Structure formats: structure tokens, C-alpha cells
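All remarks here apply to the structure that follows.
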Amino acid sequence: MKAAVFHGPRDVRIENVPDPSAPAPDEVVLEVIRAAICGTDASEWDHGPILCRPGVVLGHEFVARVTDVGSGVTGLRVDDRVVSGAGISCGQCAWCLRGRTNLCAEYRTLGLQVDGGLAEYVTSPAAICRSVPEACDDDAAAMAQPLAVALHALSRVAQRPDESVAVIGAGGIGSFVIAGASHAASEGRVVAIDVDASRLATASALGASQTADASGRELSELLLELSDGVGFDIVVEASGAPHAPAAATAGVRRGGRVLLVGLHGAPRELDLTRMILREVDLFTTVAHVCDSDIPAALRLLATSDVAAVTAGPRIPLEALVEEGLRPLAERRAAGKILVSPAA
């Protein structure tokens with residue numbers, strides 16, 4: 001079968017690799033219908049290995065059809081259309097037993113440490129596969145995993161319907177955070193902040209009640225200006241910009257919450273005394289919890305236009321590097337790039 005194999009920085013090759021063997025009792029073999037790529041894939045190609053194991057098949061965002069079922073699997077059958085959550089947890093450690101499977105002591109991810117879905121076929125644990133509703137088409141279902149990451153992030157701060165939310169960064173994950181926050185904000189408002197006009201237009205289409213261009217502006221001052229000097233109930237930092245975490249903590253109201261989503265390549269300085277005196281809560285987030293977040297993502301994709309608004313070009317697997325990873329790494333990709341492995 002054809003697969004996108006990561007060998008090192010700037011070295012991802014579309015190769016012929018062996019088809020998956022028969023699944024273990026708790027596994028399923030999947031024929032990939034559609035995959036998607038994200039900033040993690042692009043970063044690994046550009047300057048990895050960071051999380052990737054050299055020699056691994058990339059791809060942690062995909063929808064597929066079951067072609068073989070392990071002897072111990074119940075609830076899934078051949079020809080079922082499923083999304084794999086990609087994150088593999090042990091189910092036995094202290095974090096798993098508390099329901100925080102994304103923090104598993106032995107956490108691994110398809111497409112990073114285990115062969116993933118940028119291939120014609122992939123093997124996945126059955127326990128992390130969820131059936132796709134008929135109302136959710138293939139392009140939309142391929143976005144379930146990254147949307148689940150965004151919904152998990154929002155679950156960390158327990159957004160209430162009447163709260164004001166500012167999202168700094170309307171890129172890949174930020175746009176999904178905006179979609180989730182807008183869906184939950186029946187009485188409040190969601191403000192999207194970025195420096196790219198096309199991203200802000202997408203944010204509006206996803207339900208943001210207001211957008212703001214931060215070009216040439218002091219970000220903390222902009223946040224206060226947009227909130228009548230009081231600050232937002234929740235500020236989500238999804239850009240990864242060096243100055244953004246400090247601005248987020250300055251632009252949140254007393255007793256508010258700051259959620260750090262964007263990853264940073266170096267330590268950042270925060271004014272902790274000011275945070276303490278204003279009783280600001282600081283939250284972080286990583287990955288998702290398959291049992292709750294994947295079903296929630298599929299429901300939102302099936303009942304909204306989130307996928308239609310965020311979808312970018314659809315490319316064949318052979319074009320992955322030049323039409324997928326490279327433009328994404330160079331920040332010139334528009335929309336979520338979808339890959340058809342069998343095309």
C-alpha cells in the first residue's frame with residue numbers, strides 16, 4: 001500500500017509499505033477514506049523529529065471504513081465508517097482510571113509514535129474508534145480529531161453561555177476553538193483576534209460575534225479596549241506568539257480564566273503577582289479525551305457548517321509534501337488541507 005513515511009527533517013516520502021497484518025483481538029484494520037493534516041505534521045516535516053519516531057507513517061486525523069475486526073472487538077463491524085481518536089492510552093494508570101486518558105503514562109499517538117492514517121490502510125485500537133453519523137460527510141469527519149482537541153480545551157475552562165470569550169489566534173486550532181465557543185455562547189459573545197484578514201473572515205463565518213485585527217496594536221490594550229476596560233471572562237491563547245500569554249493574563253477580568261492552547265518554543269514571562277491579586281485562573285490543555293470529545297466533535301460537525309467553512313484544498317497522497325506540508329509550514333495554506341490516500 002502507499003503511505004507517507006517520515007524519515008527526518010524535510011524528508012517525508014510516499015512509499016510502498018506492507019499492508020497491515022491481521023488485527024490483534026482488540027484492534028481493527030481501517031481503509032482510510034479521507035485524512036487531514038495540521039501544524040504538528042508540518043512542524044515534524046519542517047524541523048522534526050519532535051514527537052515523531054523516524055520511520056513512522058504520518059497521519060492522526062482521518063476517517064476510514066472498517067475492513068477487518070479483531071476477535072475480541074464488539075460494537076464495530078466490517079464496512080462501518082469510523083473516526084479514530086488516534087491517542088492510545090493504557091486504561092490502567094492513575095490518569096486513565098480518573099478519566100484523564102489524554103495524560104496516560106504510556107500515551108502514544110497514531111501518526112506520531114505508531115503508524116497512522118496518511119496511508120491507504122491503518123491499524124487502530126478498536127477502543128478509540130467512534131462511528132460516524134450519516135449526516136457527517138467524509139470531509140467533515142476527517143476534522144473530528146482536531147475539533148475534539150478544541151472542544152476538550154474549552155471543557156477545561158467550563159465556558160458558560162453568558163460569558164465573554166476572546167480567542168487570540170484564528171488559525172488551525174484557533175478556528176475550531178472559535179467554532180466551539182460560538183456554539184456554546186448563546187447569550188455571551190466571542191471575539192476573534194488575529195493579524196490575518198482571511199482568518200478573521202473565517203472566524204466570523206464560524207460564529208464569532210466580533211473580530212479584531214491586532215496588527216500594530218499592543219495586544220493587552222486591545223483586549224481591554226474590546227471589553228470596555230474590564231477584561232474578558234475567558235481569554236484563550238491559541239496563537240503561540242511569544243507575547244500572547246502575558247497579554248492574555250492582562251486582558252482577562254478579575255476572577256476570569258486564561259486558557260493556554262498554543263505551544264511555545266521557549267519559556268515565557270508572566271506577571272504572577274498581578275494574576276494572584278486579581279484571582280485569575282490559568283489553565284492548560286493537551287490532546288482530547290476520546291470517550292467524550294470525539295462524539296461531541298462528530299455531533300457538532302453533523303449539525304453545523306463548521307467543516308464547510310474551514311475546509312481547504314483536497315489533494316492526493318502523492319502531493320502531500322508540495323501541496324500540503326510545505327505550504328502549511330510556510331504559513332501560506334488556506335483552510336484545512338484534506339488528503340485522499342486512495343486517489
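Residue numbering restarts at 1 in every chain; chains get A, B, ... in the order shown in the C-alpha cells, and ligands count up from 1 in that same order.
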
DSSP strand (DSSP E or B) residues within segment 217-259 of chain A, as a ChimeraX atom specification: /A:232-237,252-259

Calculated over only C-alpha atoms, which of the candidates A:Val69, A:Ile88, A:Ala42, A:Ala144 has the smallest distance to Leu301 of chain A?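 Nearest candidate to Leu301 of chain A out of A:Val69, A:Ile88, A:Ala42, A:Ala144: A:Ala144.
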
Polymer residues at most 10 Å from segment 193-207 of chain A, only C-alpha atoms, same-chain spacing of 5 or more positions, as a count of residues only: 39

Residue nearest Leu259 of chain A among A:Cys290, A:Val78, A:Ala297, A:His152 (counting only C-alpha atoms): A:His152
